[in-house]
Amino acid sequence: MEKLSKVWGLVGLAFIGLCVLALFLFSSVPTAFVPDEDQGYVLVISKLPAGSTIHRTEKVVKQAEKIVMNTPGVSKVISITGYNLIDSIQDPSSAVTFVVFDSYDERKSEETQLKAIMTHIQGRVAQIPEAMIMVANPPPIPGLGSTGGFNFEIQDLNSLGEKELAKVVKNFITEANKRPELAKVYTTFDPDVPQRYLDIDRVKAKTRGVSLDDIFSTLQINLGSSYVNQFNKYGRVYRVYLQAEQDARSREEDILRLQVRNNVGEMIQLSAFVTIKTITGPYNIPHYNEYSSVQVNGDAAPGYSSGQAITTMEQLAADYLPAGYGYEWTNMIYQQNKAGNMAPLVFAMSIVFVFLVLAAQYESWAMPIMILLAIPLGLLGAIGSLALRDMNLDVYGQIGLVMLIGLVAKNSILIVQFAKDLHDGGMGILESGMEAARIRLRPILMTAFAFILGLMPLVLASGAGANARRSLGTSVVGGLTLATVLIIFVPLFYIIIERFRERKSS
């Protein structure tokens, strides 16, 4: 240490080099909001061509269920036919299947892990030609979206119409699926759903004494259903609904044969004042921030982070969205962008807070600098350990970085405080720094290694929430380990800065 204190220029260069390396790793390690977790189940989303009946959808779902049940690690499946999970609407051509895994204790092999199961199912169900079937992980935070991955809203800012919006979205998705950073980019929006438009001649209806309310009620009761009441029998409650038989509402002619009562009690067929036209249009017209919009879903490709996927999608929007169209992030990515802008401020505030507390305690501006100069060493270890394990810097990793600021500062305080007391007692700067390092090294090592061993279950976590625990444990353990190994820098900082301060004061 005595020799190193004399070549303080080399020590400074070495420290600056480590800081530059830390900055490089921070810029190169991918960022994310929260990691995808193995929650014990995945979602299989099925979308058939527009106009498909629910019976056809059920046949496809049964095919998919057979494939899923032959996948290692799958326990059971639960399917809901006629429901579009992405748009949260009833749709006969859509279905969602909940694939439940075996318990975590029974899934020890690689082929029964989350990624392997999803890859296996996606590869097999893609062979079903009748439908577009996507396998998705549930959102890591319940309530932020229907599925994991990203949700990207393409907006029609100038109200150019659903047909033009669909063309823009289709071209955008085609380009997005060409990018290696993205995987499974799709949408469930379809502007060409076959529909029947009932053109009611209101003049004729009024001439025949038929009100529009009665026409609409007749259509609702026969083609849909209408709740009447309920009754009790055999200890159970039964509900009564009015609805036409399926054979009486399966053709266009059946609609025209429906009868409605006029104001004098006569029954008149709808064909007297109703004509039917065949048109196409979207099943629903979603809006986002008051604009017509289409939700595009997808995920980051293996080996890429959500931060890289965000950058790619925004670049594609700038290149391929024509004038009059915009985009917005929603659900998980919206929260990631919002939280990502605050992360540097949180780190800066935590360091400033520690600095001000130390400055007030020691009544000196130099002492906190000696202590806080060790923080970049801990941050280097944290970001380096994440890079070595091929992990993203997510919220849990950032929490670990904030913890490191306190842990590294605590170890530095043990040395600097003891060296200051020795120096105030009459010992020289070099001698007090060396003595403090020698005496305080053992307790620092004991507390650091005890803390590191206590965090090893997080580093090696498995089961539910494992990725979050691994991220937190890896950043703290890596940072504290490197900061402890390079603890020699702390007494050197004390010796160099204290000498400089005394020379300046003398």
# chains A, B, ... in the order shown; residues from 1 in each chain; ligands from 1
$ closest_atom_pairs --of "segment 6-100 of chain A" --to "segment 330-344 of chain A" --cutoff "9 Å" --atoms "only C-alpha atoms" --output "Markdown table"
| residue | atom | partner | partner_atom | distance |
| --- | --- | --- | --- | --- |
| A:Thr31 | CA | A:Gly340 | CA | 9.0 |
| A:Ala32 | CA | A:Gln336 | CA | 7.3 |
| A:Phe33 | CA | A:Gln336 | CA | 5.0 |
| A:Val34 | CA | A:Gln336 | CA | 8.3 |
$ closest_atom_pairs --of "segment 300-371 of chain A" --to "segment 411-420 of chain A" --cutoff "12 Å" --atoms "only C-alpha atoms" --output "JSON lines"
{"residue": "A:Val354", "atom": "CA", "partner": "A:Ile413", "partner_atom": "CA", "distance": 11.5}
{"residue": "A:Phe355", "atom": "CA", "partner": "A:Ile413", "partner_atom": "CA", "distance": 11.9}
{"residue": "A:Leu358", "atom": "CA", "partner": "A:Ile413", "partner_atom": "CA", "distance": 9.2}
{"residue": "A:Gln361", "atom": "CA", "partner": "A:Gln417", "partner_atom": "CA", "distance": 10.9}
{"residue": "A:Tyr362", "atom": "CA", "partner": "A:Gln417", "partner_atom": "CA", "distance": 9.1}
{"residue": "A:Ser364", "atom": "CA", "partner": "A:Lys420", "partner_atom": "CA", "distance": 11.8}
{"residue": "A:Ala366", "atom": "CA", "partner": "A:Val416", "partner_atom": "CA", "distance": 11.0}
{"residue": "A:Met367", "atom": "CA", "partner": "A:Val416", "partner_atom": "CA", "distance": 7.7}
{"residue": "A:Pro368", "atom": "CA", "partner": "A:Ile413", "partner_atom": "CA", "distance": 8.9}
{"residue": "A:Ile369", "atom": "CA", "partner": "A:Ser412", "partner_atom": "CA", "distance": 10.5}
{"residue": "A:Met370", "atom": "CA", "partner": "A:Val416", "partner_atom": "CA", "distance": 7.5}
{"residue": "A:Ile371", "atom": "CA", "partner": "A:Ser412", "partner_atom": "CA", "distance": 5.2}
$ closest_residue --among "A:Thr311, A:Ser217, A:Asn171, A:Gln295" --to "Ile86 of chain A" --atoms "only C-alpha atoms"
A:Gln295
$ closest_residue --among "A:Pro443, A:Leu48, A:Gly73, A:Glu314" --to "Glu110 of chain A" --atoms "only C-alpha atoms"
A:Gly73
$ select_by_dssp --residues "segment 326-397 of chain A" --states "helix (DSSP H, G or I)" --output "PyMOL selection string"
chain A and resi 331-340+343-362+366-372+375-388+395-397
$ atom_distance --atom1 "atom CA of Arg196 of chain A" --atom2 "atom CA of Thr57 of chain A"
20.7 Å
$ residues_around --residues "Ser79 of chain A" --least-positions-apart "3" --cutoff "10 Å" --atoms "only C-alpha atoms" --output "JSON, numbers by chain"
{"A": [43, 44, 45, 58, 61, 62, 65, 82, 83, 95, 96, 97, 98, 99]}
$ residues_around --residues "Ser159 of chain A" --least-positions-apart "3" --cutoff "10 Å" --atoms "only C-alpha atoms" --output "PyMOL selection string"
chain A and resi 155-156+162+164-165+291-293+324-325
$ write_last_selection --atoms "C-alpha atoms" --output "mmCIF file, in the first residue's frame"
data_model
loop_
_atom_site.group_PDB
_atom_site.id
_atom_site.type_symbol
_atom_site.label_atom_id
_atom_site.label_comp_id
_atom_site.auth_asym_id
_atom_site.auth_seq_id
_atom_site.Cartn_x
_atom_site.Cartn_y
_atom_site.Cartn_z
ATOM 1 C CA GLN A 155 -53.613 5.014 -34.188
ATOM 2 C CA ASP A 156 -55.595 6.493 -37.080
ATOM 3 C CA GLU A 162 -60.641 0.939 -40.753
ATOM 4 C CA GLU A 164 -56.745 1.850 -44.594
ATOM 5 C CA LEU A 165 -55.727 1.321 -40.960
ATOM 6 C CA TYR A 291 -58.446 7.603 -31.833
ATOM 7 C CA SER A 292 -59.364 4.494 -33.808
ATOM 8 C CA SER A 293 -56.522 2.091 -33.156
ATOM 9 C CA GLY A 324 -51.779 10.513 -40.461
ATOM 10 C CA TYR A 325 -50.887 7.545 -38.282
#
$ closest_residue --among "A:Leu453, A:Ala323, A:Leu316, A:Leu198" --to "Lys277 of chain A" --atoms "only C-alpha atoms"
A:Leu198
$ closest_residue --among "A:Gln398, A:Thr207, A:Gln122, A:Thr447" --to "Thr474 of chain A" --atoms "only C-alpha atoms"
A:Gln398
$ atom_distance --atom1 "atom CA of Thr275 of chain A" --atom2 "atom CA of Ile200 of chain A"
6.7 Å
$ closest_residue --among "A:Arg389, A:His120, A:Lys410, A:His423" --to "Leu460 of chain A" --atoms "only C-alpha atoms"
A:Arg389
